[in-house]
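Let me begin by presenting the structure, written as structure tokens, before commenting on it.
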Amino acid sequence: MKQNYRQNPLKRLIAARGMGQVITVTVGLIILCIVFGILNPTFFSDKNVANLLRQIAPILLIGIGQSYVLITGNIDLSIGSVVGMSCMISATLMTKGVNPWVAVLITLVCCVLVGIINGQLVANCKLPPFIATLGTMTIARGIAQIVNNNYNTDSIGDAAQGFRDFFYYGKVLGVFNTIWIAAILWLIFDFLLSKTRTGRHIYAIGSNVEASRLSGINIVSTTTNAYIVSAICSCVVGLIICATSGMGTMDAGNTYEMYAVAASVIGGVSTLGGQGILIGTVVGASIWGVLQNGLQFAGAPVAIRNIVIGVIVVISVLLDVIVRTGKPRKKKKKALLNMEVKA
Amino acid sequence: MLEYIVEMEHIQKSFPGVKALDDVSFNLKAGEVMALLGENGAGKSTLMKVLSGVYTRDSGDISIFGETVTDLTPKKAQELGVAIIHQELNMCAHLSVAENIFLGREMTRSGVLSNKEMNSQAQKILDRLNIAISPEIIVGDLAVSKQQMVEIAKALSTNARILIMDEPTSALTSKEIDDLFAIIRKLREEGCGIVYISHRLEELQHIVDRVTIMRDGRYVTSMDFADTSMQEIISNMVGREIKEKFPKVESRRGRKILEVKNLNAGKLVRNINFELHEGEIVGIAGLMGAGRTEMTRAVFGVDPKESGEIILDGKSISIQKPMDAIKNGLVLVPEDRKKDGLCTKLSIRENIALPNLDILCGRAGVVNRAKETAMVDQTVEELTIRLPNAEVDAGSLSGGNQQKVVVGKWLARNSRVVMFDEPTRGIDVAAKVEIYNLMNRLKQSGIGVFFVSSEMPEIMGISDRILVMCDGRITGEFMAEEATQNRILECATKFDQKLNPAASL
């Protein structure tokens with residue numbers, strides 16, 4: 001039996017980290033866009049596209065965070081609460097007259113702290129990630145409520161106009177800043193994940209923790225890094241929400257952790273770890289956004305939108321499971337036969 | 001003249017409830033291949049895991065290249081030039097060959113991974129080892145033997161001066177074993193020290209210079225291989241004369257219990273016909289991948305059958321799923337007891353009760369605790385399972401006792417036929433004898449027993465009749481008296497003509 005030394009580059013691309021599913025869902029995304037475009041002529045209008053992209057941006061950001069954590073084989077349920085915490089802490093500080101940029105910095109520190117705690121609880125104390133982040137989720141939501149004595153904040157005022165423009169209202173080269181922020185953070189985190197040592201280690205521990213440990217990889221710091229990325233993304237989304245509404249709302253980001261899982265999983269990130277690419281998360285977040293936007297135009301009530309998105313999530317995971325358990329099994333049998341031939 | 005490059009003295013290591021290493025000393029010279037021998041559970045792997053930093057020792061001294069080492073982590077060991085190839089495959093299945101080889105030691109250029117360089121380096125290593133695999137291929141897509149070779153390549157890529165191989169050949173084909181031995185000889189000439197753990201004593205003569213023997217967590221002896229006979233090695237490993245290694249009881253062969261006719265299921269179960277009588281044990285011999293496990297799975301209803309008839313006590317029965325087989329009294333003790341045989345996190349009581357809940361439950365589906373306890377007590381007593389009490393996790397028992405629990409859960413329901421798949425794999429000699437006794441008792445009580453085993457002496461020692469499988473077909477049948485290793489092996493290698501008949505074990 002001859003092994004092919006060089007693989008076909010196209011095949012290699014498809015094999016890489018779940019590219020196959022990314023291609024499938026991209027086709028799905030295109031079909032969705034065409035359908036909504038036909039149903040509603042204004043779907044492709046400049047105004048709606050800009051609006052749509054601004055809807056997608058926060059979902060993409062939290063999706064990036066969740067993808068990082070899922071690839072390590074864990075999950076982050078605290079995302080939504082960290083979004084709320086970020087929104088409330090920054091808004092409260094600004095209403096108290098703190099310089100908006102100082103407020104942003106303090107908020108970022110608080111959020112990163114949650115990420116570090118998550119990572120330590122999961123990797124160092126070996127708590128199941130579901131439980132650990134369920135705990136920090138509740139705590140972070142409590143902090144969001146307590147910072148302004150259980151009230152939403154007042155308007156963050158005129159002094160914060162620069163902050164609001166930076167995160168939401170401003171435009172650069174005719175494109176809203178929110179979209180720029182999401183795009184730039186995506187570029188940075190995609191680079192980190194695919195081109196650096198830390199990124200490689202994130203895949204490795206998601207694929208096989210024991211093998212990684214024996215190869216000298218620091219499991220605790222790698223896991224913590226993934227949770228920190230997740231916290232940073234959530235923090236930015238909280239700031240965007242604060243900038244959008246000009247005030248702090250305690251339940252900002254509610255259930256966002258689930259949207260984040262949806263965006264990741266639709267985009268081919270495996271909940272079992274080791275597999276997924278961030279371009280997939282872009283497609284996943286886009287499908288989420290296009291469905292929301294398109295169904296809204298079509299006059300579907302929120303309930304219907306929820307049901308449709310739920311169904312899409314289940315189908316994506318089902319695809320993942322079929323690919324994972326259906327295919328390798330056949331391969332294994334084949335391998336066994338090959339061995340026999342050689343024996 | 002040769003310096004010791006590894007010296008381990010008075011090493012102690014305990015795990016909860018077990019003393020794994022008790023005052024063990026070990027040394028290794030540059031430019032030698034040292035075989036580390038002992039039965040399962042003798043502590044060989046544990047000792048080597050201590051040396052490679054995977055486990056931390058409780059006490060004792062280690063020096064590597066004359067340098068006394070206190071805190072040894074996998075990374076530190078690697079830096080000191082120690083590389084280990086673990087018994088279990090330790091690969092990231094989602095990553096490519098090159099990515100696995102350089103895992104934890106990635107090459108970067110100003111912080112960015114240089115994949116091209118790693119791929120070409122990996123290619124060089126693979127070429128040097130004569131392994132025809134592309135470094136870019138995803139490890140999960142490779143056959144097990146190839147994965148094993150990648151693991152070896154990974155260990156060598158660290159430029160290790162001390163190389164530990166824990167059962168490296170168990171998944172390899174004969175050609176790959178030859179390649180591996182060539183590599184080992186080359187490394188020895190380059191002055192590396194190699195520790196070689198293997199159960200296949202016949203391999204030793206090709207490469208080994210010295211042997212160290214361990215038993216029950218203790219150091220027994222070490223000696224030059226050239227001055228030592230196999231007999232001496234074996235008696236040192238076992239340490240005691242095992243009388244009646246294969247206790248055999250005679251029992252009158254009674255009427256036919258089970259008959260399998262024209263069974264087909266996939267490529268590894270092809271046109272199987274056999275019968276089983278009361279009072280006999282039928283052994284199924286064959287090489288790895290001959291279809292023995294597949295055959296038991298097809299009979300038990302785990303895998304779908306394409307065709308075939310199963311006749312139990314004269315009646316043709318239909319087995320579509322395991323429950324059909326169980327209801328008819330046809331049960332399977334699977335190969336991998338931890339994975340397929342036991343719920344290791346449930347108690348022994350719950351494990352034994354699990355397939356019998358239909359008997360134990362009242363009409364409303366509530367488990368009758370009194371009946372359950374009685375069943376469990378009886379089973380534990382009959383099989384002499386040694387346990388603190390029936391409430392401990394099944395996973396906490398020793399291998400032999402675990403195996404008894406797996407058998408025990410079936411005996412409670414008056415089974416007619418018990419199929420064992422590799423029942424003695426991974427358990428020690430004394431526990432093996434107990435399993436043999438158990439099989440004999442089943443046979444005497446009129447239950448049909450057939451068992452799959454890869455250990456030839458065991459098959460020949462215990463069976464009354466032996467079936468040999470090759471390539472999914474039954475290629476030979478012998479009564480125990482007329483069977484010899486050669487005749488069995490001959491049948492086990494009757495491959496189809498297009499296949500190479502020169503197989504090796």
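To be explicit about the labels: the chains of the structure tokens are called A, B, and onward in the order shown, and within each one the residues are counted from 1, while ligands get numbers from 1 in the order they are shown.
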(request) Show me which bits of chain B are within 8 Å of chain A, counting only C-alpha atoms, as an MDAnalysis selection string. (result) chainID B and resid 54 74:75 90:95 103:104 106 108 111:113 132:134 136:137 141:144 173:174 289 471 499:500 502:504
Can you pull out every residue within 6 Å of stretch 117-130 of chain A, counting only C-alpha atoms, but drop anything in the same chain fewer than 5 positions away, and send it as a PDB file with N, CA and C atoms, in the first residue's frame?
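The file below, around_29.pdb, is the result:
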ATOM      1  N   ASN A  74     -13.907  23.048  26.323  1.00  0.00           N
ATOM      2  CA  ASN A  74     -14.689  23.536  27.453  1.00  0.00           C
ATOM      3  C   ASN A  74     -15.859  24.364  26.947  1.00  0.00           C
ATOM      4  N   ILE A  75     -16.545  25.047  27.860  1.00  0.00           N
ATOM      5  CA  ILE A  75     -17.637  25.944  27.454  1.00  0.00           C
ATOM      6  C   ILE A  75     -17.636  27.138  28.384  1.00  0.00           C
ATOM      7  N   VAL A 220      -3.084  24.754  32.286  1.00  0.00           N
ATOM      8  CA  VAL A 220      -3.784  25.792  33.041  1.00  0.00           C
ATOM      9  C   VAL A 220      -3.698  27.130  32.325  1.00  0.00           C
ATOM     10  N   THR A 223      -5.704  27.108  28.923  1.00  0.00           N
ATOM     11  CA  THR A 223      -7.146  27.183  29.129  1.00  0.00           C
ATOM     12  C   THR A 223      -7.538  28.586  29.573  1.00  0.00           C
ATOM     13  N   THR A 224      -6.748  29.139  30.496  1.00  0.00           N
ATOM     14  CA  THR A 224      -7.047  30.484  30.995  1.00  0.00           C
ATOM     15  C   THR A 224      -6.987  31.504  29.863  1.00  0.00           C
ATOM     16  N   TYR A 227     -10.210  31.488  28.018  1.00  0.00           N
ATOM     17  CA  TYR A 227     -11.284  32.156  28.755  1.00  0.00           C
ATOM     18  C   TYR A 227     -11.084  33.672  28.787  1.00  0.00           C
TER      19      TYR A 227
END
(message) Just want the 12 Å neighbourhood of A:Phe176, counted on only C-alpha atoms, with same-chain residues fewer than 2 positions away dropped. Output as an MDAnalysis selection string.
(response) chainID A and resid 47 49:55 57 164:174 178:183 240
(request) Quick one: pick out all alpha helix (DSSP H) residues within stretch 8-135 of chain A from a backbone DSSP run and write them as number ranges by chain. (result) A: 9-15, 19-39, 46-71, 79-95, 100-119, 129-135
(request) Record the distance separating atom CA of B:Leu411 and atom CA of B:Val380, expressed in Å with one decimal. (result) 10.8 Å
(request) Name all residues at most 12 Å from stretch 94-97 of chain A (count only C-alpha atoms; drop same-chain ones fewer than 5 positions away) and give them as a ChimeraX atom specification. (result) /A:87-89,102-107,147-148,152-161,163-164,239,242-243,246-248
Grab the residues selected above and save them as an mmCIF file, in the first residue's frame with N, CA and C atoms.
data_model
loop_
_atom_site.group_PDB
_atom_site.id
_atom_site.type_symbol
_atom_site.label_atom_id
_atom_site.label_comp_id
_atom_site.auth_asym_id
_atom_site.auth_seq_id
_atom_site.Cartn_x
_atom_site.Cartn_y
_atom_site.Cartn_z
ATOM 1 N N CYS A 87 -21.336 46.361 30.474
ATOM 2 C CA CYS A 87 -22.246 47.476 30.166
ATOM 3 C C CYS A 87 -22.518 48.311 31.427
ATOM 4 N N MET A 88 -22.816 47.627 32.528
ATOM 5 C CA MET A 88 -23.176 48.334 33.755
ATOM 6 C C MET A 88 -21.992 49.029 34.409
ATOM 7 N N ILE A 89 -20.844 48.359 34.457
ATOM 8 C CA ILE A 89 -19.671 48.982 35.105
ATOM 9 C C ILE A 89 -19.252 50.230 34.339
ATOM 10 N N VAL A 102 -10.960 55.937 30.723
ATOM 11 C CA VAL A 102 -10.540 55.309 31.983
ATOM 12 C C VAL A 102 -11.579 54.265 32.381
ATOM 13 N N ALA A 103 -12.862 54.626 32.203
ATOM 14 C CA ALA A 103 -13.943 53.701 32.524
ATOM 15 C C ALA A 103 -13.807 52.419 31.695
ATOM 16 N N VAL A 104 -13.487 52.580 30.405
ATOM 17 C CA VAL A 104 -13.325 51.412 29.526
ATOM 18 C C VAL A 104 -12.210 50.512 30.048
ATOM 19 N N LEU A 105 -11.111 51.155 30.459
ATOM 20 C CA LEU A 105 -9.965 50.382 30.944
ATOM 21 C C LEU A 105 -10.316 49.591 32.205
ATOM 22 N N ILE A 106 -10.998 50.272 33.147
ATOM 23 C CA ILE A 106 -11.384 49.595 34.395
ATOM 24 C C ILE A 106 -12.313 48.419 34.077
ATOM 25 N N THR A 107 -13.270 48.661 33.182
ATOM 26 C CA THR A 107 -14.206 47.614 32.797
ATOM 27 C C THR A 107 -13.464 46.409 32.223
ATOM 28 N N VAL A 147 -23.667 47.113 40.934
ATOM 29 C CA VAL A 147 -22.803 48.300 40.770
ATOM 30 C C VAL A 147 -23.601 49.589 40.816
ATOM 31 N N ASN A 148 -24.852 49.568 40.381
ATOM 32 C CA ASN A 148 -25.645 50.804 40.473
ATOM 33 C C ASN A 148 -26.861 50.583 41.375
ATOM 34 N N ASN A 152 -30.979 50.379 36.550
ATOM 35 C CA ASN A 152 -30.282 50.761 35.335
ATOM 36 C C ASN A 152 -29.739 52.161 35.537
ATOM 37 N N THR A 153 -28.674 52.501 34.811
ATOM 38 C CA THR A 153 -28.081 53.828 35.038
ATOM 39 C C THR A 153 -28.860 54.885 34.264
ATOM 40 N N ASP A 154 -28.570 56.150 34.637
ATOM 41 C CA ASP A 154 -29.083 57.267 33.837
ATOM 42 C C ASP A 154 -28.264 57.354 32.553
ATOM 43 N N SER A 155 -28.576 58.357 31.737
ATOM 44 C CA SER A 155 -27.817 58.569 30.503
ATOM 45 C C SER A 155 -26.348 58.844 30.846
ATOM 46 N N ILE A 156 -25.460 58.317 30.029
ATOM 47 C CA ILE A 156 -24.036 58.512 30.332
ATOM 48 C C ILE A 156 -23.574 59.903 29.935
ATOM 49 N N GLY A 157 -24.485 60.703 29.331
ATOM 50 C CA GLY A 157 -24.226 62.129 29.189
ATOM 51 C C GLY A 157 -23.402 62.512 27.971
ATOM 52 N N ASP A 158 -23.276 63.831 27.803
ATOM 53 C CA ASP A 158 -22.610 64.355 26.614
ATOM 54 C C ASP A 158 -21.114 64.111 26.639
ATOM 55 N N ALA A 159 -20.554 64.061 27.850
ATOM 56 C CA ALA A 159 -19.106 63.877 27.955
ATOM 57 C C ALA A 159 -18.692 62.565 27.300
ATOM 58 N N ALA A 160 -19.643 61.628 27.198
ATOM 59 C CA ALA A 160 -19.307 60.318 26.668
ATOM 60 C C ALA A 160 -19.636 60.206 25.181
ATOM 61 N N GLN A 161 -19.892 61.336 24.517
ATOM 62 C CA GLN A 161 -20.269 61.259 23.110
ATOM 63 C C GLN A 161 -19.168 60.604 22.272
ATOM 64 N N PHE A 163 -17.057 58.374 23.220
ATOM 65 C CA PHE A 163 -17.140 56.933 23.492
ATOM 66 C C PHE A 163 -18.243 56.292 22.655
ATOM 67 N N ARG A 164 -19.419 56.970 22.617
ATOM 68 C CA ARG A 164 -20.561 56.416 21.874
ATOM 69 C C ARG A 164 -20.254 56.364 20.382
ATOM 70 N N LEU A 239 -19.572 47.072 25.985
ATOM 71 C CA LEU A 239 -19.290 48.483 25.705
ATOM 72 C C LEU A 239 -20.104 48.952 24.502
ATOM 73 N N CYS A 242 -23.628 49.538 25.623
ATOM 74 C CA CYS A 242 -23.672 50.768 26.415
ATOM 75 C C CYS A 242 -23.639 51.991 25.494
ATOM 76 N N ALA A 243 -22.756 51.935 24.501
ATOM 77 C CA ALA A 243 -22.638 53.056 23.565
ATOM 78 C C ALA A 243 -23.910 53.211 22.732
ATOM 79 N N GLY A 246 -26.677 54.424 25.255
ATOM 80 C CA GLY A 246 -26.291 55.595 26.040
ATOM 81 C C GLY A 246 -26.583 55.445 27.517
ATOM 82 N N MET A 247 -26.793 54.234 27.958
ATOM 83 C CA MET A 247 -27.032 53.992 29.388
ATOM 84 C C MET A 247 -26.653 52.550 29.711
ATOM 85 N N GLY A 248 -26.636 52.243 30.995
ATOM 86 C CA GLY A 248 -26.333 50.868 31.390
ATOM 87 C C GLY A 248 -27.608 50.112 31.721
#
(message) I'd like the contact shell of stretch 288-293 of chain A - 8 Å cut-off, only C-alpha atoms, skipping same-chain residues fewer than 6 positions apart - returned as a VMD selection string.
(response) chain A and resid 32 to 33 52 to 53 55 to 56 59 262 to 263 305 309
(message) Excluding A:Cys235 and its own-chain neighbours fewer than 5 positions away, which residues fall within 7 Å of it when counting only C-alpha atoms? Please give them as an MDAnalysis selection string.
(response) chainID A and resid 82:83 86 108 111
(request) For each of A:Leu319, A:Cys233, A:Leu185, A:Thr138, take the minimum atom-to-atom distance to A:Thr24, counting only C-alpha atoms, then give the residue where this is smallest. (result)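 Ranked by minimum distance to A:Thr24, first place goes to A:Leu319.
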(message) With only C-alpha atoms as the counted atoms, please give the residues lying no more than 10 Å from A:Asn254, apart from itself and same-chain residues fewer than 6 positions off, as a ChimeraX atom specification.
(response) /A:79-84,141
(request) May I have all residues of stretch 100-243 of chain A that DSSP, computed from the backbone, assigns to strand (DSSP E), given as a ChimeraX atom specification? (result) /A:171-172,175-176
(message) If I take atom CA of B:Asn271 and atom CA of B:Gly308, how far is one from the other in Å, to one decimal?
(response)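 Between these atoms lies a distance of 8.0 Å.
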